[in-house]
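Coordinates from work-v3.txt are shown below (compact mmCIF, C-alpha atoms).
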```txt
# COMPACT_ATOMS: atom_id res chain seq x y z
CA MET A 19 107.11 119.45 95.40
CA SER A 20 104.31 116.91 95.82
CA LYS A 21 104.81 113.70 97.80
CA ARG A 22 101.79 112.00 96.19
CA PRO A 23 102.41 108.53 94.77
CA ARG A 24 102.98 108.23 91.06
CA PRO A 25 100.46 106.20 89.05
CA ALA A 26 101.08 102.49 88.55
CA SER A 27 103.60 101.69 85.87
CA ALA A 28 104.19 98.63 83.74
CA SER A 29 106.33 97.22 86.56
CA GLY A 30 103.46 97.49 89.05
CA PRO A 31 102.07 99.98 91.53
CA ILE A 32 104.33 102.61 93.02
CA ALA A 33 104.77 102.43 96.79
CA ASP A 34 103.33 105.34 98.77
CA LYS A 35 106.19 106.03 101.17
CA SER A 36 103.96 108.31 103.29
CA LYS A 37 102.07 105.12 104.22
CA GLY A 38 105.33 103.28 104.84
CA GLN A 39 104.74 100.98 101.87
CA HIS A 40 107.44 98.62 100.67
CA PHE A 41 106.44 95.82 98.31
CA LEU A 42 107.82 92.33 98.77
CA LYS A 43 108.70 91.22 95.25
CA ASN A 44 111.31 88.49 95.61
CA PRO A 45 109.54 85.10 95.40
CA LEU A 46 112.41 83.39 97.23
CA VAL A 47 111.89 85.66 100.23
CA VAL A 48 108.11 85.14 100.13
CA ASN A 49 108.52 81.36 100.00
CA SER A 50 111.08 81.42 102.81
CA ILE A 51 108.81 83.46 105.09
CA VAL A 52 105.81 81.22 104.45
CA GLU A 53 107.92 78.10 104.97
CA LYS A 54 109.37 79.39 108.25
CA ALA A 55 105.85 80.24 109.48
CA ALA A 56 105.16 76.47 109.51
CA LEU A 57 101.49 77.04 108.77
CA LYS A 58 98.98 74.22 108.99
CA SER A 59 96.00 73.76 106.68
CA THR A 60 93.76 74.58 109.66
CA ASP A 61 95.42 77.94 110.49
CA THR A 62 93.91 81.39 110.09
CA VAL A 63 96.46 84.10 109.23
CA LEU A 64 96.13 87.85 109.83
CA GLU A 65 98.15 89.74 107.23
CA ILE A 66 98.66 93.45 107.87
CA GLY A 67 99.38 95.45 104.71
CA PRO A 68 99.21 92.81 101.99
CA GLY A 69 100.27 95.35 99.37
CA THR A 70 100.15 93.73 95.94
CA GLY A 71 99.30 90.30 97.38
CA ASN A 72 102.55 88.44 96.69
CA MET A 73 102.57 86.96 100.19
CA THR A 74 98.77 86.67 100.33
CA VAL A 75 98.56 84.16 97.49
CA LYS A 76 101.23 81.96 99.11
CA LEU A 77 99.53 82.20 102.50
CA LEU A 78 96.25 81.12 100.91
CA ASP A 79 98.00 78.01 99.58
CA ALA A 80 99.25 77.11 103.06
CA ALA A 81 96.48 78.19 105.46
CA LYS A 82 92.75 77.64 105.80
CA LYS A 83 91.96 81.37 105.83
CA VAL A 84 93.80 84.66 105.36
CA ILE A 85 92.43 87.92 106.73
CA ALA A 86 94.26 90.72 104.93
CA VAL A 87 93.94 94.30 106.22
CA GLU A 88 94.93 97.09 103.82
CA VAL A 89 94.29 100.85 104.09
CA ASP A 90 95.32 101.81 100.53
CA PRO A 91 92.34 101.43 98.14
CA ARG A 92 94.74 100.83 95.22
CA MET A 93 96.20 97.82 97.01
CA VAL A 94 92.76 96.55 98.08
CA ALA A 95 91.80 96.41 94.40
CA GLU A 96 95.12 94.76 93.48
CA VAL A 97 94.76 92.01 96.10
CA GLN A 98 91.12 91.42 95.17
CA LYS A 99 92.18 90.88 91.54
CA ARG A 100 94.96 88.49 92.55
CA VAL A 101 92.77 86.32 94.76
CA ALA A 102 89.59 86.44 92.67
CA GLU A 103 89.75 82.68 92.00
CA THR A 104 89.80 81.78 95.70
CA CYS A 105 86.86 81.64 98.07
CA VAL A 106 86.72 85.34 98.85
CA THR A 107 83.29 86.03 100.28
CA GLU A 108 83.80 89.43 101.84
CA ALA A 109 86.08 92.36 101.17
CA GLU A 110 86.26 95.21 103.63
CA ARG A 111 88.09 98.45 103.26
CA ALA A 112 89.67 99.96 106.33
```
Take the structure I supplied and represent it as structure tokens, if you would.
Amino acid sequence: MSKRPRPASASGPIADKSKGQHFLKNPLVVNSIVEKAALKSTDTVLEIGPGTGNMTVKLLDAAKKVIAVEVDPRMVAEVQKRVAETCVTEAERA
């Protein structure tokens, strides 16, 4: 039996458990985490494993810069789509 991730569905991408992926979907949790981080508009944030970008977009609202590191090419593409309107000047794939 294959452990490969299933293709994305209408509800969004499927987490690849072999990479330890779990997607943060609850906006109340995202908002709470960002609020508790007490970010300033001058802060730079390093986000490891942004997944679908739910936290990334909120971090971009609160901080000066977000550096998101993602190893899954599917998620890199997803985050790039979500933040296309922001000042993204460079996208690197790990």
Using all atoms listed in the file, determine which residues lie at most 9 Å from Leu42 in chain A, disregarding the query and same-chain residues fewer than 3 positions distant; provide the list as a PyMOL selection string. chain A and resi 45+47-48+69-73
Using all atoms listed in the file: which of A:Leu46, A:Val63, A:Val52, A:Val97 has the shortest distance to Lys76 in chain A: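 With all atoms listed in the file as the atom set, the closest residue is A:Val52.
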In Å, how far is it from CA of His40 in chain A to CA of Leu78 in chain A?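 Here the two named atoms are 20.8 Å from each other.
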For Glu65 in chain A, the closest of A:Leu77, A:Val101, A:Val89, A:Ala95 counting all atoms listed in the file is A:Leu77
Go ahead and compute the interatomic distance for CA of Glu96 in chain A and CA of Leu64 in chain A, in Å to one decimal.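 Spanning CA of Glu96 in chain A to CA of Leu64 in chain A is a straight-line distance of 17.8 Å.
Compared by their closest atoms to Pro31 in chain A, and using all atoms listed in the file, the residues A:Ala55, A:Val94, A:Ala80, A:Val87 rank with A:Val94 nearest.
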CA of Gln98 in chain A and CA of Ile32 in chain A, how far apart in Å? 17.4 Å
Tell me which protein, DNA and RNA residues are within 9 Å of range 58-60 of chain A, counting all atoms listed in the file, leaving out same-chain ones fewer than 5 positions away, and put them as a PyMOL selection string. chain A and resi 79-83
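In terms of minimum interatomic distance to Ala33 in chain A, A:Gly67 ranks closest within A:Gly67, A:Leu57, A:Ala86, A:Thr74, counting only C-alpha atoms.
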